[in-house]
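What's in coords.csv: CSV, C-alpha atoms and all ligand atoms
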```csv
chain,number,residue,atom,x,y,z
A,1,MET,CA,0.0,0.0,0.0
A,2,ARG,CA,1.5,3.3,-1.1
A,3,ARG,CA,1.3,6.1,1.4
A,4,LEU,CA,0.0,9.5,0.1
A,5,PHE,CA,2.8,12.0,-0.4
A,6,ILE,CA,2.0,15.7,-0.6
A,7,ALA,CA,4.8,18.0,-1.4
A,8,GLY,CA,4.8,21.8,-1.7
A,9,ASN,CA,6.9,23.4,-4.4
A,10,TRP,CA,7.3,27.0,-3.2
A,11,LYS,CA,9.2,28.0,-6.4
A,12,MET,CA,10.7,31.4,-6.4
A,13,ASN,CA,8.3,32.8,-3.7
A,14,LEU,CA,8.6,34.1,-0.1
A,15,LEU,CA,11.4,35.8,1.7
A,16,ARG,CA,13.0,34.4,4.8
A,17,GLU,CA,10.5,35.5,7.5
A,18,ASP,CA,7.5,34.3,5.6
A,19,ALA,CA,9.2,31.1,4.5
A,20,VAL,CA,10.0,30.2,8.1
A,21,ALA,CA,6.6,31.2,9.4
A,22,LEU,CA,5.0,29.0,6.7
A,23,ALA,CA,7.2,26.1,7.6
A,24,GLU,CA,6.4,26.4,11.3
A,25,ALA,CA,2.7,26.5,10.5
A,26,VAL,CA,2.9,23.5,8.2
A,27,ALA,CA,5.0,21.6,10.8
A,28,ALA,CA,2.6,22.3,13.6
A,29,LYS,CA,-0.5,21.1,11.8
A,30,ALA,CA,1.0,18.2,9.7
A,31,ASP,CA,1.5,16.1,12.7
A,32,THR,CA,-2.3,16.0,13.2
A,33,VAL,CA,-2.8,14.5,9.7
A,34,GLY,CA,-2.1,10.8,9.9
A,35,MET,CA,-1.3,8.4,7.0
A,36,VAL,CA,0.2,11.1,4.8
A,37,ASP,CA,3.8,12.0,4.1
A,38,PHE,CA,4.6,15.7,3.6
A,39,ALA,CA,7.5,17.7,2.3
A,40,VAL,CA,8.1,21.4,1.5
A,41,CYS,CA,10.6,22.6,-1.1
A,42,PRO,CA,11.6,26.2,-0.4
A,43,PRO,CA,14.0,28.4,-2.4
A,44,SER,CA,17.5,27.0,-1.8
A,45,VAL,CA,18.8,30.0,0.1
A,46,TYR,CA,16.2,29.2,2.8
A,47,LEU,CA,16.6,25.5,3.0
A,48,ASP,CA,18.7,25.7,6.1
A,49,ALA,CA,16.3,28.1,7.9
A,50,VAL,CA,13.2,26.1,6.8
A,51,GLY,CA,14.9,22.8,7.8
A,52,GLN,CA,15.4,24.2,11.3
A,53,ALA,CA,11.7,25.2,11.5
A,54,LEU,CA,10.7,21.7,10.5
A,55,ARG,CA,12.9,20.0,13.0
A,56,GLY,CA,11.1,17.3,15.0
A,57,SER,CA,8.1,17.4,12.8
A,58,LYS,CA,7.0,14.8,10.2
A,59,VAL,CA,7.5,17.3,7.3
A,60,GLY,CA,10.4,16.5,5.0
A,61,LEU,CA,12.6,19.1,3.3
A,62,GLY,CA,13.2,19.2,-0.4
A,63,ALA,CA,15.2,21.3,-2.8
A,64,GLN,CA,13.9,22.5,-6.2
A,65,ASN,CA,17.0,21.6,-8.2
A,66,MET,CA,20.6,20.5,-8.0
A,67,TYR,CA,23.6,19.9,-10.2
A,68,HIS,CA,24.9,16.4,-11.0
A,69,GLU,CA,28.6,17.0,-10.3
A,70,ALA,CA,29.9,16.4,-6.8
A,71,LYS,CA,32.0,19.6,-6.5
A,72,GLY,CA,34.2,22.0,-8.4
A,73,ALA,CA,34.0,25.0,-10.7
A,74,PHE,CA,30.3,25.2,-11.4
A,75,THR,CA,29.4,28.7,-10.4
A,76,GLY,CA,25.9,29.1,-9.0
A,77,GLU,CA,25.2,25.4,-8.7
A,78,LEU,CA,24.6,23.2,-5.7
A,79,SER,CA,25.6,19.6,-5.1
A,80,ALA,CA,23.6,16.7,-3.7
A,81,ALA,CA,26.0,16.6,-0.7
A,82,MET,CA,25.2,20.2,0.0
A,83,LEU,CA,21.5,19.5,0.0
A,84,LEU,CA,21.9,16.6,2.4
A,85,ASP,CA,24.1,18.8,4.6
A,86,VAL,CA,21.3,21.3,5.1
A,87,GLY,CA,18.8,18.4,5.9
A,88,CYS,CA,17.1,17.7,2.6
A,89,GLN,CA,15.6,14.2,1.9
A,90,TYR,CA,14.1,15.2,-1.4
A,91,VAL,CA,15.0,17.1,-4.6
A,92,ILE,CA,12.6,18.1,-7.4
A,93,LEU,CA,14.2,17.3,-10.7
A,94,GLY,CA,13.1,18.0,-14.2
A,95,HIS,CA,10.3,20.4,-13.3
A,96,SER,CA,8.6,21.7,-16.5
A,97,GLU,CA,9.7,25.3,-15.6
A,98,ARG,CA,13.3,24.1,-15.6
A,99,ARG,CA,12.8,22.1,-18.8
A,100,HIS,CA,10.9,24.8,-20.7
A,101,ILE,CA,12.3,28.1,-19.3
A,102,LEU,CA,15.8,26.9,-18.4
A,103,GLY,CA,16.3,24.4,-21.2
A,104,GLU,CA,16.9,21.2,-19.2
A,105,THR,CA,16.9,18.1,-21.2
A,106,ASP,CA,16.1,14.5,-20.3
A,107,LEU,CA,19.9,13.8,-20.3
A,108,ASP,CA,20.5,16.6,-17.7
A,109,VAL,CA,17.6,15.3,-15.6
A,110,ASN,CA,18.9,11.8,-15.8
A,111,ARG,CA,22.4,12.8,-14.6
A,112,LYS,CA,20.9,14.7,-11.7
A,113,VAL,CA,18.6,11.8,-10.8
A,114,LYS,CA,21.6,9.4,-10.7
A,115,ALA,CA,23.7,11.8,-8.6
A,116,ALA,CA,20.8,12.5,-6.2
A,117,ILE,CA,20.2,8.8,-5.6
A,118,ALA,CA,23.9,8.0,-5.2
A,119,ALA,CA,24.1,10.7,-2.5
A,120,GLY,CA,21.0,9.4,-0.6
A,121,LEU,CA,18.3,11.8,-1.8
A,122,SER,CA,14.9,10.9,-3.1
A,123,PRO,CA,14.3,12.7,-6.4
A,124,ILE,CA,10.9,13.8,-7.3
A,125,VAL,CA,11.1,13.5,-11.1
A,126,CYS,CA,8.6,15.6,-13.1
A,127,VAL,CA,7.1,14.6,-16.5
A,128,GLY,CA,4.3,16.2,-18.4
A,129,GLU,CA,3.1,17.2,-21.8
A,130,THR,CA,2.3,20.7,-23.2
A,131,LEU,CA,-1.2,21.6,-24.4
A,132,ALA,CA,0.0,21.3,-28.0
A,133,GLN,CA,1.3,17.8,-27.4
A,134,ARG,CA,-2.0,16.8,-25.7
A,135,GLU,CA,-4.1,18.2,-28.5
A,136,ALA,CA,-1.9,16.4,-31.1
A,137,GLU,CA,-2.6,13.2,-29.1
A,138,GLU,CA,1.1,12.8,-28.3
A,139,THR,CA,0.8,12.6,-24.5
A,140,LEU,CA,1.6,8.9,-24.1
A,141,GLN,CA,4.5,9.2,-26.5
A,142,LEU,CA,6.0,12.2,-24.7
A,143,ILE,CA,5.5,10.8,-21.2
A,144,SER,CA,7.1,7.5,-22.3
A,145,SER,CA,10.1,9.3,-23.8
A,146,GLN,CA,10.6,11.5,-20.7
A,147,PHE,CA,10.3,8.4,-18.5
A,148,ARG,CA,12.9,6.5,-20.6
A,149,GLY,CA,15.2,9.5,-20.8
A,150,SER,CA,15.0,11.0,-17.4
A,151,LEU,CA,15.0,7.7,-15.6
A,152,ALA,CA,17.4,5.8,-17.8
A,153,ASP,CA,19.9,3.2,-16.3
A,154,LEU,CA,18.4,3.0,-12.8
A,155,THR,CA,18.5,-0.3,-10.9
A,156,GLU,CA,15.4,-1.6,-9.2
A,157,ASP,CA,16.7,-0.3,-5.9
A,158,ASP,CA,17.3,3.1,-7.4
A,159,MET,CA,13.9,3.3,-8.9
A,160,GLN,CA,12.2,2.5,-5.6
A,161,LYS,CA,13.8,5.7,-4.2
A,162,VAL,CA,12.2,7.8,-7.0
A,163,VAL,CA,8.9,9.7,-6.7
A,164,ILE,CA,7.4,10.5,-10.1
A,165,ALA,CA,5.3,13.7,-10.5
A,166,TYR,CA,3.0,13.8,-13.5
A,167,GLU,CA,2.4,17.5,-14.2
A,168,PRO,CA,0.7,18.4,-17.4
A,169,VAL,CA,2.4,21.7,-18.4
A,170,TRP,CA,-1.0,23.3,-19.4
A,171,ALA,CA,-2.3,22.7,-15.8
A,172,ILE,CA,0.6,24.3,-13.9
A,173,GLY,CA,-0.3,27.6,-12.4
A,174,THR,CA,-3.3,28.1,-14.8
A,175,GLY,CA,-6.2,27.0,-12.6
A,176,ARG,CA,-6.9,24.3,-15.2
A,177,THR,CA,-6.5,20.8,-13.9
A,178,ALA,CA,-6.5,17.5,-15.7
A,179,SER,CA,-9.8,15.8,-15.0
A,180,PRO,CA,-9.4,12.8,-12.6
A,181,GLU,CA,-9.9,10.5,-15.6
A,182,GLN,CA,-7.2,12.2,-17.7
A,183,ALA,CA,-4.7,12.2,-14.9
A,184,GLU,CA,-5.5,8.6,-13.9
A,185,GLN,CA,-4.9,7.5,-17.5
A,186,VAL,CA,-1.4,8.9,-17.5
A,187,HIS,CA,-0.6,7.6,-14.0
A,188,ALA,CA,-1.8,4.1,-15.1
A,189,ASP,CA,0.4,4.4,-18.2
A,190,LEU,CA,3.4,5.3,-16.0
A,191,ARG,CA,2.6,2.4,-13.7
A,192,GLN,CA,2.6,0.1,-16.7
A,193,MET,CA,6.0,1.5,-17.8
A,194,LEU,CA,7.4,0.7,-14.4
A,195,LYS,CA,6.1,-2.8,-14.7
A,196,ASP,CA,7.4,-3.3,-18.2
A,197,GLN,CA,10.8,-1.9,-17.4
A,198,TYR,CA,11.2,-3.5,-13.9
A,199,ASN,CA,8.5,-5.7,-12.4
A,200,THR,CA,5.3,-5.6,-10.4
A,201,ALA,CA,7.0,-5.0,-7.1
A,202,VAL,CA,8.6,-1.8,-8.3
A,203,ALA,CA,5.4,-0.7,-10.1
A,204,ASP,CA,3.5,-1.3,-6.9
A,205,THR,CA,6.0,0.7,-4.7
A,206,VAL,CA,6.9,3.8,-6.7
A,207,ARG,CA,4.7,6.8,-5.8
A,208,ILE,CA,3.3,8.9,-8.6
A,209,GLN,CA,2.1,12.4,-7.6
A,210,TYR,CA,-0.1,14.5,-9.7
A,211,GLY,CA,0.7,18.2,-10.1
A,212,GLY,CA,-1.0,21.2,-11.8
A,213,SER,CA,-3.4,23.5,-10.0
A,214,VAL,CA,-4.2,21.0,-7.2
A,215,ASN,CA,-6.2,22.7,-4.5
A,216,GLU,CA,-8.6,21.8,-1.7
A,217,GLY,CA,-11.5,21.7,-4.1
A,218,ASN,CA,-10.1,19.2,-6.6
A,219,ALA,CA,-7.9,17.1,-4.3
A,220,ALA,CA,-10.4,14.5,-3.3
A,221,SER,CA,-11.4,13.6,-6.8
A,222,LEU,CA,-7.8,13.5,-8.1
A,223,LEU,CA,-6.3,11.7,-5.1
A,224,SER,CA,-8.9,9.1,-4.9
A,225,GLN,CA,-7.8,7.7,-8.3
A,226,PRO,CA,-6.1,4.3,-7.8
A,227,ASN,CA,-2.8,5.3,-9.4
A,228,ILE,CA,-2.5,8.8,-8.0
A,229,ASP,CA,-0.5,8.6,-4.8
A,230,GLY,CA,-0.2,12.3,-3.8
A,231,ALA,CA,0.3,15.8,-5.1
A,232,LEU,CA,3.1,18.2,-6.0
A,233,VAL,CA,1.5,21.5,-5.1
A,234,GLY,CA,2.6,25.0,-6.2
A,235,GLY,CA,0.3,27.9,-5.6
A,236,ALA,CA,-1.8,26.2,-2.9
A,237,SER,CA,1.3,25.3,-0.9
A,238,LEU,CA,2.1,28.9,-0.1
A,239,LYS,CA,-0.5,29.0,2.7
A,240,ALA,CA,-0.4,26.3,5.5
A,241,ASP,CA,-4.2,25.9,5.6
A,242,SER,CA,-4.7,25.4,1.8
A,243,PHE,CA,-1.7,23.1,1.7
A,244,LEU,CA,-2.9,20.9,4.6
A,245,ALA,CA,-6.5,21.0,3.4
A,246,ILE,CA,-5.4,19.0,0.3
A,247,ALA,CA,-4.2,16.2,2.5
A,248,ILE,CA,-7.3,16.3,4.7
A,249,LYS,CA,-9.6,16.2,1.7
A,250,ALA,CA,-7.5,13.4,0.2
A,251,ILE,CA,-7.8,11.1,3.2
A,252,SER,CA,-11.4,11.9,3.9
A,253,GLY,CA,-12.6,12.0,0.3
A,301,LIG,P1,0.6,24.8,-9.3
A,301,LIG,O1,2.1,24.3,-9.5
A,301,LIG,O2,0.0,23.9,-8.2
A,301,LIG,O3,0.7,26.2,-8.9
A,301,LIG,O4,-0.1,24.6,-10.6
A,301,LIG,C1,2.4,22.9,-9.4
A,301,LIG,C2,3.9,22.7,-9.8
A,301,LIG,O5,4.4,23.4,-10.7
A,301,LIG,O6,4.6,21.8,-9.1
```
Go ahead and express the file in the form of structure tokens.
Amino acid sequence: MRRLFIAGNWKMNLLREDAVALAEAVAAKADTVGMVDFAVCPPSVYLDAVGQALRGSKVGLGAQNMYHEAKGAFTGELSAAMLLDVGCQYVILGHSERRHILGETDLDVNRKVKAAIAAGLSPIVCVGETLAQREAEETLQLISSQFRGSLADLTEDDMQKVVIAYEPVWAIGTGRTASPEQAEQVHADLRQMLKDQYNTAVADTVRIQYGGSVNEGNAASLLSQPNIDGALVGGASLKADSFLAIAIKAISG
């Protein structure tokens, strides 16, 4: 049985004081929501401060990106060891904003995934089609090529440390969500890819989050789908109440 996993992607929002206050509020209330794993992913300069605010709570800490090299002359980049050093357990990799705005390729994402796992982090690996790809009925093809490219050459053990996030690009920050049926179809396809590439045990273990305008109003219908194991939440993760309400709706709905 896969435990629900709700992660907040704060993106490039909040300054220190508000980030720490939000982390404290999430930490205080998350402990009252059973059967759900949580993480928050603040801007990297606040990882340390947010990590301290989360200390002793059940809320995990995640970064929004990292570089695949271990150390050296890579100005502006952060290594997996640095993320671990400030208390991260997770790192979001291959988010569509990094793929589409910052030009990350599947090969870049794959290198980062391997480095993250080797260091002991759990990567949250994002995949998702654009509106044009969906309208051209290329969704399955695109998801399958991102799956094969971003998650290439992982052992069974490696793969079980990965969380996949299906985030249709057209649903991110737009207020438009995939219908529960549209989302479930892609999640079921991803589950089948895990089974084909590995085996049933791996397919049954790996958690697949949905992301794209998830909020308290749509959480129950999305997260009650059999292959949707949680959510990667942007906008609604910037307030403790709206973030936690997603988990509460998911377990009660
Ligand atoms: P959103 O962002 O919830 O604001 O659509 C989700 C994400 O980009 O992870």
Need to verify the contact set: Leu223 (chain A), 10 Å, all atoms listed in the file, exclusion of same-chain residues closer than 5 positions in sequence. Can you return it as a PDB file with C-alpha atoms, in the frame of the given file?
```pdb
ATOM      1  CA  LEU A   4       0.000   9.500   0.100  1.00  0.00           C
ATOM      2  CA  PRO A 180      -9.400  12.800 -12.600  1.00  0.00           C
ATOM      3  CA  ALA A 183      -4.700  12.200 -14.900  1.00  0.00           C
ATOM      4  CA  GLU A 184      -5.500   8.600 -13.900  1.00  0.00           C
ATOM      5  CA  GLN A 209       2.100  12.400  -7.600  1.00  0.00           C
ATOM      6  CA  TYR A 210      -0.100  14.500  -9.700  1.00  0.00           C
ATOM      7  CA  VAL A 214      -4.200  21.000  -7.200  1.00  0.00           C
ATOM      8  CA  ASN A 218     -10.100  19.200  -6.600  1.00  0.00           C
ATOM      9  CA  ILE A 228      -2.500   8.800  -8.000  1.00  0.00           C
ATOM     10  CA  ASP A 229      -0.500   8.600  -4.800  1.00  0.00           C
ATOM     11  CA  GLY A 230      -0.200  12.300  -3.800  1.00  0.00           C
ATOM     12  CA  ALA A 231       0.300  15.800  -5.100  1.00  0.00           C
ATOM     13  CA  ILE A 246      -5.400  19.000   0.300  1.00  0.00           C
ATOM     14  CA  ALA A 247      -4.200  16.200   2.500  1.00  0.00           C
ATOM     15  CA  LYS A 249      -9.600  16.200   1.700  1.00  0.00           C
ATOM     16  CA  ALA A 250      -7.500  13.400   0.200  1.00  0.00           C
ATOM     17  CA  ILE A 251      -7.800  11.100   3.200  1.00  0.00           C
ATOM     18  CA  GLY A 253     -12.600  12.000   0.300  1.00  0.00           C
TER      19      GLY A 253
END
```
Interatomic distance (Å, one decimal) between CA of Asp37 (chain A) and CA of Arg3 (chain A): 7.0 Å
Please return as a PyMOL selection string the residues found within 9 Å of ligand LIG 301 (chain A), counting all atoms listed in the file. chain A and resi 7-11+92+95-97+126+165+167+169-177+210-215+231-237
Closest of A:Lys112, A:Arg16, A:Arg98, A:Arg207 to Met159 (chain A) - atom-to-atom distances counting all atoms listed in the file: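 Checking each of A:Lys112, A:Arg16, A:Arg98, A:Arg207 against Met159 (chain A), counting all atoms listed in the file, the winner is A:Arg207.
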Could you give me, as a PyMOL selection string, the residues within 10 Å of Leu142 (chain A), counting all atoms listed in the file and dropping anything in the same chain fewer than 2 positions from it? chain A and resi 127-130+133-134+137-140+144-148
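Picture a line from CA of Asp157 (chain A) to CA of Leu54 (chain A); it runs 28.1 Å.
For the pair CA of Ala115 (chain A) and CA of His68 (chain A), the separation is 5.3 Å.
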Which residues are near Ser150 (chain A)? Cut-off 6 Å, all atoms listed in the file, ignore same chain within fewer than 5 positions. Put them as a list of chain:residue names.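 The contact residues come out as A:Asp106, A:Val109, A:Asn110.
For the choices A:Leu222, A:Met35, A:Leu61, A:Ile143, the atom-to-atom distance to Ala178 (chain A) is smallest for A:Leu222 when using only C-alpha atoms.
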Using all atoms listed in the file, which of A:Pro226, A:Leu131, A:Thr205, A:Asp196 sits nearest Pro168 (chain A)? A:Leu131
